[in-house]
>>> print(open('entry03.txt').read())   # compact mmCIF, C-alpha atoms and all ligand atoms
# COMPACT_ATOMS: atom_id res chain seq x y z
CA MET R 29 -10.18 65.34 84.41
CA LYS R 30 -12.71 62.54 84.81
CA VAL R 31 -12.67 60.42 81.67
CA PHE R 32 -15.24 57.76 80.77
CA VAL R 33 -14.03 55.26 78.15
CA THR R 34 -16.40 52.80 76.49
CA GLY R 35 -14.89 49.58 75.13
CA ALA R 36 -11.96 49.75 77.55
CA THR R 37 -11.42 45.98 77.80
CA ALA R 38 -9.21 45.79 74.69
CA GLY R 39 -7.46 47.69 71.93
CA PHE R 40 -7.87 51.46 71.69
CA GLY R 41 -10.12 51.80 74.72
CA GLU R 42 -7.74 49.99 77.06
CA ALA R 43 -4.74 52.00 75.79
CA ILE R 44 -6.69 55.28 76.03
CA ALA R 45 -7.75 54.48 79.59
CA LYS R 46 -4.15 53.69 80.59
CA ARG R 47 -2.83 56.86 78.89
CA PHE R 48 -5.13 59.10 80.94
CA ILE R 49 -4.51 57.14 84.15
CA ASN R 50 -0.73 57.43 83.66
CA GLU R 51 -1.13 61.21 83.43
CA GLY R 52 -2.97 61.28 86.75
CA HIS R 53 -6.54 61.60 85.47
CA SER R 54 -9.52 59.77 86.93
CA VAL R 55 -10.85 57.09 84.56
CA VAL R 56 -14.02 55.04 84.40
CA ALA R 57 -13.36 52.04 82.17
CA ALA R 58 -16.45 50.39 80.69
CA GLY R 59 -17.09 47.25 78.68
CA ARG R 60 -18.91 43.94 78.77
CA ARG R 61 -16.07 41.62 79.86
CA LYS R 62 -15.96 41.95 83.64
CA ASP R 63 -12.84 39.81 84.05
CA ARG R 64 -10.85 42.21 81.90
CA LEU R 65 -12.27 45.26 83.70
CA ASP R 66 -11.36 43.69 87.05
CA ALA R 67 -7.80 43.09 85.82
CA LEU R 68 -7.52 46.70 84.60
CA ALA R 69 -8.83 48.01 87.92
CA LYS R 70 -6.36 45.82 89.82
CA GLU R 71 -3.48 47.02 87.64
CA THR R 72 -4.33 50.74 87.57
CA GLY R 73 -6.84 51.48 90.34
CA CYS R 74 -9.37 52.90 87.86
CA ASP R 75 -13.14 52.75 88.32
CA ILE R 76 -15.02 50.25 86.19
CA GLU R 77 -18.54 49.81 84.85
CA VAL R 78 -19.83 46.64 83.23
CA LEU R 79 -21.76 48.12 80.33
CA ASP R 80 -23.21 46.93 77.05
CA VAL R 81 -23.68 50.14 75.06
CA LYS R 82 -26.54 48.51 73.12
CA ASP R 83 -28.58 48.49 76.34
CA LYS R 84 -30.24 51.91 76.43
CA ASP R 85 -31.51 51.65 80.02
CA ALA R 86 -28.12 50.50 81.28
CA VAL R 87 -26.38 53.40 79.52
CA PHE R 88 -28.70 56.00 81.06
CA ASP R 89 -28.37 54.34 84.46
CA VAL R 90 -24.56 54.47 84.34
CA PHE R 91 -24.46 58.14 83.39
CA SER R 92 -27.04 59.00 86.06
CA ARG R 93 -24.37 57.79 88.52
CA HIS R 94 -21.49 59.62 86.79
CA THR R 95 -22.71 63.20 86.47
CA ASP R 96 -19.26 64.85 86.39
CA ILE R 97 -17.66 63.38 83.27
CA ASP R 98 -15.22 65.75 81.56
CA VAL R 99 -14.35 63.52 78.61
CA LEU R 100 -16.45 60.73 77.12
CA VAL R 101 -14.46 58.55 74.73
CA ASN R 102 -17.21 56.97 72.66
CA ASN R 103 -15.02 54.10 71.48
CA ALA R 104 -16.96 50.81 71.82
CA GLY R 105 -17.60 49.36 68.38
CA LEU R 106 -16.97 46.54 65.99
CA ALA R 107 -16.93 45.31 62.42
CA LEU R 108 -18.45 41.95 61.54
CA GLY R 109 -17.62 40.24 58.27
CA LEU R 110 -16.26 41.44 54.94
CA GLU R 111 -18.79 39.76 52.66
CA PRO R 112 -20.43 41.62 49.80
CA ALA R 113 -23.73 43.24 50.78
CA GLN R 114 -25.79 40.66 48.92
CA GLU R 115 -24.25 37.80 50.93
CA THR R 116 -23.94 39.31 54.36
CA ASP R 117 -25.55 38.01 57.54
CA ILE R 118 -28.33 40.44 58.45
CA GLU R 119 -27.69 39.76 62.15
CA ASP R 120 -24.18 41.18 61.68
CA TRP R 121 -25.62 44.35 60.19
CA ASP R 122 -28.04 44.67 63.12
CA ARG R 123 -25.24 44.29 65.65
CA MET R 124 -23.04 46.88 63.98
CA VAL R 125 -25.90 49.38 63.77
CA ASP R 126 -26.93 48.70 67.37
CA THR R 127 -23.38 49.04 68.71
CA ASN R 128 -21.68 51.60 66.47
CA ILE R 129 -24.65 53.91 65.95
CA LYS R 130 -27.14 53.36 68.75
CA GLY R 131 -24.49 52.75 71.41
CA VAL R 132 -22.73 55.98 70.44
CA ILE R 133 -25.89 58.10 70.48
CA TYR R 134 -27.16 56.59 73.75
CA CYS R 135 -23.89 57.44 75.53
CA ALA R 136 -23.78 60.93 74.03
CA ARG R 137 -27.41 61.68 74.91
CA ALA R 138 -26.94 60.38 78.44
CA VAL R 139 -23.77 62.39 79.17
CA LEU R 140 -24.56 65.67 77.40
CA PRO R 141 -27.09 67.29 79.78
CA ASN R 142 -24.57 67.29 82.60
CA MET R 143 -21.81 68.56 80.34
CA VAL R 144 -24.01 71.44 79.19
CA GLU R 145 -25.11 72.13 82.78
CA ARG R 146 -21.46 72.28 83.87
CA ASN R 147 -20.53 74.19 80.66
CA LYS R 148 -17.61 71.81 80.35
CA GLY R 149 -16.95 68.56 78.56
CA HIS R 150 -15.71 66.79 75.48
CA ILE R 151 -17.13 63.86 73.54
CA ILE R 152 -14.42 62.13 71.53
CA SER R 153 -15.96 59.63 69.14
CA ILE R 154 -13.94 56.91 67.47
CA GLY R 155 -15.04 56.83 63.86
CA SER R 156 -12.93 55.28 61.12
CA ALA R 157 -11.20 55.99 57.83
CA ALA R 158 -13.80 53.46 56.61
CA GLY R 159 -16.40 56.17 57.23
CA ASN R 160 -14.68 58.29 54.59
CA TRP R 161 -13.50 55.77 52.01
CA PRO R 162 -15.38 52.79 50.57
CA TYR R 163 -13.70 49.44 50.06
CA PRO R 164 -15.15 46.04 49.16
CA GLY R 165 -17.05 44.38 52.00
CA VAL R 166 -17.09 47.38 54.34
CA ASN R 167 -20.71 48.18 53.42
CA VAL R 168 -22.52 48.64 56.74
CA TYR R 169 -19.45 49.02 58.96
CA GLY R 170 -18.20 51.97 56.87
CA SER R 171 -21.68 53.45 56.84
CA THR R 172 -21.99 53.29 60.63
CA LYS R 173 -18.71 55.19 60.89
CA ALA R 174 -19.92 57.81 58.37
CA PHE R 175 -22.89 58.26 60.72
CA VAL R 176 -20.55 58.72 63.68
CA GLN R 177 -18.63 61.41 61.80
CA GLN R 178 -21.76 63.36 60.91
CA PHE R 179 -23.22 62.94 64.39
CA ALA R 180 -20.03 64.32 65.96
CA ARG R 181 -20.26 67.35 63.67
CA ASN R 182 -24.00 67.89 64.07
CA ILE R 183 -23.93 67.97 67.84
CA ARG R 184 -21.33 70.74 67.66
CA ASN R 185 -24.05 73.01 66.31
CA ASP R 186 -26.40 72.08 69.14
CA LEU R 187 -23.60 72.80 71.61
CA PHE R 188 -22.76 76.16 70.04
CA GLY R 189 -22.52 78.79 72.76
CA THR R 190 -21.30 76.28 75.32
CA LYS R 191 -17.75 75.16 76.02
CA VAL R 192 -18.61 71.51 75.30
CA ARG R 193 -16.46 70.02 72.54
CA SER R 194 -17.07 67.24 70.01
CA THR R 195 -14.38 65.45 68.00
CA ASN R 196 -14.39 62.51 65.62
CA ILE R 197 -11.14 60.53 65.34
CA GLU R 198 -10.91 58.48 62.13
CA PRO R 199 -8.18 55.83 62.23
CA GLY R 200 -7.17 53.52 59.44
CA MET R 201 -6.01 49.95 60.02
CA ALA R 202 -4.81 49.35 63.57
CA ASP R 203 -3.53 46.14 65.10
CA THR R 204 -5.96 45.34 67.92
CA GLU R 205 -8.56 42.58 68.46
CA PHE R 206 -10.64 44.30 65.76
CA SER R 207 -9.96 41.76 62.99
CA THR R 208 -10.32 38.75 65.31
CA ILE R 209 -13.82 40.03 66.11
CA ARG R 210 -14.49 40.85 62.44
CA PHE R 211 -13.58 37.26 61.44
CA LYS R 212 -15.53 35.73 64.36
CA GLY R 213 -12.53 34.44 66.28
CA ASP R 214 -10.50 33.20 63.30
CA LYS R 215 -7.14 34.41 64.58
CA SER R 216 -5.10 33.16 61.62
CA LYS R 217 -7.31 35.15 59.23
CA ALA R 218 -7.01 38.18 61.52
CA ASP R 219 -3.21 37.87 61.75
CA LYS R 220 -2.94 38.00 57.94
CA VAL R 221 -4.44 41.53 58.01
CA TYR R 222 -1.39 42.80 59.90
CA ALA R 223 1.27 40.43 58.51
CA GLY R 224 4.36 41.99 56.97
CA THR R 225 3.34 45.56 57.75
CA GLN R 226 3.28 48.09 60.55
CA ALA R 227 -0.29 49.14 61.23
CA LEU R 228 -1.31 51.86 63.69
CA THR R 229 -1.13 50.71 67.30
CA ALA R 230 -3.58 51.21 70.14
CA GLU R 231 -0.94 53.42 71.77
CA ASP R 232 -0.86 55.66 68.66
CA LEU R 233 -4.59 56.20 69.12
CA ALA R 234 -4.21 56.81 72.84
CA GLU R 235 -1.61 59.49 72.12
CA THR R 236 -3.92 61.16 69.59
CA VAL R 237 -6.96 61.12 71.86
CA TYR R 238 -4.89 62.42 74.78
CA TRP R 239 -3.55 65.30 72.67
CA VAL R 240 -7.02 66.24 71.40
CA ALA R 241 -8.45 66.18 74.93
CA THR R 242 -5.70 68.30 76.45
CA LEU R 243 -5.60 71.13 73.90
CA PRO R 244 -6.60 74.56 75.24
CA GLU R 245 -10.32 74.53 75.98
CA HIS R 246 -11.18 76.96 73.14
CA VAL R 247 -9.75 74.53 70.55
CA ASN R 248 -12.17 72.03 68.99
CA VAL R 249 -10.65 69.45 66.66
CA ASN R 250 -13.68 68.59 64.52
CA THR R 251 -12.37 65.54 62.70
CA MET R 252 -8.99 63.88 62.45
CA GLU R 253 -8.17 61.04 60.07
CA LEU R 254 -4.95 59.12 60.62
CA MET R 255 -3.40 56.10 58.94
CA SER R 256 -0.22 54.13 59.11
CA VAL R 257 2.24 55.33 56.49
CA ASN R 258 1.91 51.76 55.16
CA GLN R 259 -1.78 52.20 54.23
CA SER R 260 -3.10 54.19 51.29
CA TRP R 261 -5.93 54.15 48.72
CA SER R 262 -6.50 51.71 45.85
CA PRO R 263 -7.18 52.55 42.23
CA PHE R 264 -10.81 52.47 41.02
CA HIS R 265 -12.00 49.03 39.88
CA ILE R 266 -12.66 48.90 36.15
CA ASN R 267 -14.69 46.01 34.79
CA ARG R 268 -12.84 44.82 31.62
CA ASP R 269 -15.22 41.90 30.96
CA VAL R 270 -17.87 44.02 29.28
CA GLU R 271 -19.23 42.31 26.10
P1 LIG J 1 -11.13 45.80 69.87
O1 LIG J 1 -11.93 44.67 69.35
O2 LIG J 1 -9.72 45.55 70.27
O3 LIG J 1 -11.90 46.51 71.07
C1 LIG J 1 -13.26 46.78 70.96
C2 LIG J 1 -13.80 47.21 72.29
O4 LIG J 1 -15.20 47.54 72.14
C3 LIG J 1 -13.71 46.12 73.35
O5 LIG J 1 -13.28 46.70 74.55
C4 LIG J 1 -15.15 45.63 73.49
O6 LIG J 1 -15.38 45.28 74.85
C5 LIG J 1 -15.92 46.90 73.16
N1 LIG J 1 -17.30 46.61 72.75
C6 LIG J 1 -17.74 45.96 71.65
N2 LIG J 1 -19.08 45.86 71.68
C7 LIG J 1 -19.49 46.47 72.83
C8 LIG J 1 -20.75 46.68 73.43
N3 LIG J 1 -21.88 46.26 72.86
N4 LIG J 1 -20.80 47.33 74.62
C9 LIG J 1 -19.67 47.76 75.20
N5 LIG J 1 -18.44 47.59 74.70
C10 LIG J 1 -18.36 46.93 73.51
O7 LIG J 1 -11.16 46.89 68.69
P2 LIG J 1 -10.51 48.36 68.56
O8 LIG J 1 -9.90 48.79 69.82
O9 LIG J 1 -9.71 48.36 67.34
O10 LIG J 1 -11.83 49.20 68.26
C11 LIG J 1 -12.24 50.30 69.04
C12 LIG J 1 -13.01 51.25 68.14
O11 LIG J 1 -12.14 51.70 67.10
C13 LIG J 1 -14.21 50.62 67.46
O12 LIG J 1 -15.26 51.57 67.42
C14 LIG J 1 -13.70 50.36 66.03
O13 LIG J 1 -14.73 50.35 65.09
C15 LIG J 1 -12.78 51.54 65.85
N6 LIG J 1 -11.75 51.43 64.84
C16 LIG J 1 -10.87 50.38 64.83
C17 LIG J 1 -9.88 50.32 63.85
C18 LIG J 1 -8.94 49.19 63.74
O14 LIG J 1 -8.40 48.96 62.64
N7 LIG J 1 -8.63 48.48 64.82
C19 LIG J 1 -9.72 51.41 62.88
C20 LIG J 1 -10.71 52.43 62.98
C21 LIG J 1 -11.66 52.45 63.94
P3 LIG J 1 -16.28 44.05 75.36
O15 LIG J 1 -16.26 43.01 74.29
O16 LIG J 1 -15.63 43.64 76.64
O17 LIG J 1 -17.62 44.67 75.58
C1 LIG J 2 -11.24 50.03 60.43
C2 LIG J 2 -10.30 50.84 59.61
O1 LIG J 2 -8.92 50.85 57.47
O2 LIG J 2 -9.25 48.72 58.57
O3 LIG J 2 -12.11 50.89 61.08
O4 LIG J 2 -11.10 49.78 57.45
S1 LIG J 2 -9.86 50.03 58.19
>>> encode(input="entry03.txt", output="structure tokens")
Amino acid sequence: MKVFVTGATAGFGEAIAKRFINEGHSVVAAGRRKDRLDALAKETGCDIEVLDVKDKDAVFDVFSRHTDIDVLVNNAGLALGLEPAQETDIEDWDRMVDTNIKGVIYCARAVLPNMVERNKGHIISIGSAAGNWPYPGVNVYGSTKAFVQQFARNIRNDLFGTKVRSTNIEPGMADTEFSTIRFKGDKSKADKVYAGTQALTAEDLAETVYWVATLPEHVNVNTMELMSVNQSWSPFHINRDVE
């Protein structure tokens, strides 16, 4: 298979790229940090594309040069901040919408015509448990991931009658660079998120994505939520300060 992975310079994307490469598949690893892509190419021999998924023209240009993609892993994304909605930085909201929503739909729209033409293909989107469950401060990030879930489902209807598949994977907390990005480089704050627990790992996600992609071609996993056994839901907040 030829697999295109967005956000392959770190975390899930890098592990997913390596998982497919190790199984003998052809991988195009994409991301903005060229030094990391170069290192991955040197280590594994994979193809690379320097790509900012927010850049619509660049996305369409890349996929005009890769017309034979079997699996697109629509993984590039980020969370910024955990402030309440009324205090958040509007620039952070813009960046999350531009990356997590627009980046995902640009890549899907650019790759789909060739998948339909070849009657073959699979878009695996990386949503989040935060798209299903609210928690304080996840306001726009969680909402972008709810969009990704619904987009992954909706395109299935448009693809009905073809063999092209669409899946949304919805992980809970995973120990990657995610929290360092969320807290704008504050590594000690990020480390506290994973301290004293065992979160999901990037390799857990790679295993899941690989399994979903290699099921028999008539099987479409629509959505799959996974969490570490060490993560669960909280009780509802009840305000007990009511006069
Ligand atoms: P990392 O921060 O470790 O990796 C994020 C990747 O996304 C990097 O390779 C980064 O590459 C890339 N990326 C970010 N912005 C852009 C952009 N504009 N264009 C291209 N690539 C971009 O985080 P994760 O691996 O954890 O996150 C991967 C996905 O998984 C994200 O969509 C995230 O929302 C989701 N997720 C993460 C969870 C977690 O707890 N870790 C849980 C659930 C979902 P570069 O900076 O080089 O461009
Ligand atoms: C992030 C997942 O559970 O940390 O997408 O909010 S969680």
>>> residues_around(input="entry03.txt", residues="Gly105 (chain R)", least_positions_apart="3", cutoff="12 Å", atoms="only C-alpha atoms", output="PyMOL selection string")
chain R and resi 33-41+59-60+80-82+101-102+108+123-132+153-156+169-170+172-173+176+205-206+209-210
>>> closest_atom_pairs(input="entry03.txt", of="region 154-220 of chain R", to="region 229-245 of chain R", cutoff="12 Å", atoms="only C-alpha atoms", output="CSV")
residue,atom,partner,partner_atom,distance
R:Ile154,CA,R:Val237,CA,9.3
R:Gly155,CA,R:Leu233,CA,11.7
R:Ser156,CA,R:Leu233,CA,11.6
R:Thr190,CA,R:Glu245,CA,11.1
R:Lys191,CA,R:Glu245,CA,7.5
R:Val192,CA,R:Glu245,CA,8.8
R:Arg193,CA,R:Glu245,CA,8.4
R:Ser194,CA,R:Ala241,CA,10.0
R:Thr195,CA,R:Val240,CA,8.1
R:Asn196,CA,R:Val237,CA,9.8
R:Ile197,CA,R:Val237,CA,7.8
R:Glu198,CA,R:Leu233,CA,9.7
R:Pro199,CA,R:Leu233,CA,7.8
R:Gly200,CA,R:Thr229,CA,10.3
R:Met201,CA,R:Thr229,CA,8.8
R:Ala202,CA,R:Thr229,CA,5.4
R:Asp203,CA,R:Thr229,CA,5.6
R:Thr204,CA,R:Ala230,CA,6.7
R:Glu205,CA,R:Ala230,CA,10.1
R:Phe206,CA,R:Ala230,CA,10.8
>>> residues_around(input="entry03.txt", residues="Gly149 (chain R)", least_positions_apart="2", cutoff="6 Å", atoms="all atoms listed in the file", output="NGL selection string")
:R and (98-99 or 143 or 192)
>>> residues_around(input="entry03.txt", residues="region 110-117 of chain R", least_positions_apart="2", cutoff="7 Å", atoms="all atoms listed in the file", output="ChimeraX atom specification")
/R:108,119-121,164-167
>>> closest_residue(input="entry03.txt", among="R:Gln259, R:Ser92, R:Asn103, R:Ser54", to="ligand LIG 1 (chain J)", atoms="all atoms listed in the file")
R:Asn103
>>> closest_residue(input="entry03.txt", among="R:Asn147, R:Ala43, R:Ser171, R:Ile76", to="ligand LIG 2 (chain J)", atoms="all atoms listed in the file")
R:Ser171
>>> closest_residue(input="entry03.txt", among="R:Thr225, R:Asn182, R:Asn160, R:Ser207", to="ligand LIG 1 (chain J)", atoms="all atoms listed in the file")
R:Ser207
>>> closest_residue(input="entry03.txt", among="R:Val56, R:Phe32, R:Phe264, R:His94", to="Trp161 (chain R)", atoms="all atoms listed in the file")
R:Phe264
>>> closest_residue(input="entry03.txt", among="R:Arg181, R:Arg268, R:His53, R:Lys46", to="Ile152 (chain R)", atoms="all atoms listed in the file")
R:Arg181
>>> atom_distance(input="entry03.txt", atom1="CA of Met29 (chain R)", atom2="CA of Phe91 (chain R)")
16.0 Å
>>> atom_distance(input="entry03.txt", atom1="atom O1 of ligand LIG 2 (chain J)", atom2="CA of Ala157 (chain R)")
5.6 Å
>>> build_atoms(input="entry03.txt", residues="region 187-211 of chain R", atoms="N, CA and C atoms", output="JSON list (two decimals), in the frame of the given file")
[["chain", "number", "residue", "atom", "x", "y", "z"],
["R", 187, "LEU", "N", -24.38, 72.39, 70.43],
["R", 187, "LEU", "CA", -23.60, 72.80, 71.61],
["R", 187, "LEU", "C", -23.02, 74.20, 71.46],
["R", 188, "PHE", "N", -23.30, 74.82, 70.30],
["R", 188, "PHE", "CA", -22.76, 76.16, 70.04],
["R", 188, "PHE", "C", -23.17, 77.11, 71.17],
["R", 189, "GLY", "N", -22.23, 77.88, 71.64],
["R", 189, "GLY", "CA", -22.52, 78.79, 72.76],
["R", 189, "GLY", "C", -22.15, 78.20, 74.10],
["R", 190, "THR", "N", -21.82, 76.91, 74.10],
["R", 190, "THR", "CA", -21.30, 76.28, 75.32],
["R", 190, "THR", "C", -19.81, 75.98, 75.10],
["R", 191, "LYS", "N", -19.17, 75.52, 76.15],
["R", 191, "LYS", "CA", -17.75, 75.16, 76.02],
["R", 191, "LYS", "C", -17.58, 73.66, 75.80],
["R", 192, "VAL", "N", -18.69, 72.97, 75.48],
["R", 192, "VAL", "CA", -18.61, 71.51, 75.30],
["R", 192, "VAL", "C", -18.11, 71.21, 73.88],
["R", 193, "ARG", "N", -17.13, 70.31, 73.81],
["R", 193, "ARG", "CA", -16.46, 70.02, 72.54],
["R", 193, "ARG", "C", -16.88, 68.65, 71.97],
["R", 194, "SER", "N", -16.78, 68.52, 70.66],
["R", 194, "SER", "CA", -17.07, 67.24, 70.01],
["R", 194, "SER", "C", -16.04, 66.99, 68.91],
["R", 195, "THR", "N", -15.45, 65.81, 68.94],
["R", 195, "THR", "CA", -14.38, 65.45, 68.00],
["R", 195, "THR", "C", -14.63, 64.06, 67.46],
["R", 196, "ASN", "N", -14.37, 63.86, 66.18],
["R", 196, "ASN", "CA", -14.39, 62.51, 65.62],
["R", 196, "ASN", "C", -12.98, 62.13, 65.17],
["R", 197, "ILE", "N", -12.46, 61.04, 65.72],
["R", 197, "ILE", "CA", -11.14, 60.53, 65.34],
["R", 197, "ILE", "C", -11.36, 59.38, 64.35],
["R", 198, "GLU", "N", -10.64, 59.42, 63.23],
["R", 198, "GLU", "CA", -10.91, 58.48, 62.13],
["R", 198, "GLU", "C", -9.66, 57.69, 61.77],
["R", 199, "PRO", "N", -9.40, 56.61, 62.51],
["R", 199, "PRO", "CA", -8.18, 55.83, 62.23],
["R", 199, "PRO", "C", -8.35, 54.89, 61.05],
["R", 200, "GLY", "N", -7.24, 54.64, 60.39],
["R", 200, "GLY", "CA", -7.17, 53.52, 59.44],
["R", 200, "GLY", "C", -6.82, 52.25, 60.19],
["R", 201, "MET", "N", -6.30, 51.29, 59.46],
["R", 201, "MET", "CA", -6.01, 49.95, 60.02],
["R", 201, "MET", "C", -5.12, 50.03, 61.27],
["R", 202, "ALA", "N", -5.58, 49.39, 62.32],
["R", 202, "ALA", "CA", -4.81, 49.35, 63.57],
["R", 202, "ALA", "C", -4.83, 47.93, 64.12],
["R", 203, "ASP", "N", -3.69, 47.53, 64.65],
["R", 203, "ASP", "CA", -3.53, 46.14, 65.10],
["R", 203, "ASP", "C", -4.05, 45.99, 66.53],
["R", 204, "THR", "N", -5.30, 45.58, 66.63],
["R", 204, "THR", "CA", -5.96, 45.34, 67.92],
["R", 204, "THR", "C", -6.71, 44.00, 67.79],
["R", 205, "GLU", "N", -7.73, 43.80, 68.61],
["R", 205, "GLU", "CA", -8.56, 42.58, 68.46],
["R", 205, "GLU", "C", -9.64, 42.76, 67.38],
["R", 206, "PHE", "N", -9.62, 43.93, 66.74],
["R", 206, "PHE", "CA", -10.64, 44.30, 65.76],
["R", 206, "PHE", "C", -10.87, 43.22, 64.70],
["R", 207, "SER", "N", -9.79, 42.73, 64.09],
["R", 207, "SER", "CA", -9.96, 41.76, 62.99],
["R", 207, "SER", "C", -10.34, 40.38, 63.51],
["R", 208, "THR", "N", -9.90, 40.03, 64.72],
["R", 208, "THR", "CA", -10.32, 38.75, 65.31],
["R", 208, "THR", "C", -11.83, 38.76, 65.52],
["R", 209, "ILE", "N", -12.36, 39.91, 65.95],
["R", 209, "ILE", "CA", -13.82, 40.03, 66.11],
["R", 209, "ILE", "C", -14.49, 40.02, 64.73],
["R", 210, "ARG", "N", -13.89, 40.77, 63.79],
["R", 210, "ARG", "CA", -14.49, 40.85, 62.44],
["R", 210, "ARG", "C", -14.61, 39.46, 61.82],
["R", 211, "PHE", "N", -13.58, 38.61, 62.03],
["R", 211, "PHE", "CA", -13.58, 37.26, 61.44],
["R", 211, "PHE", "C", -14.05, 36.21, 62.44]]
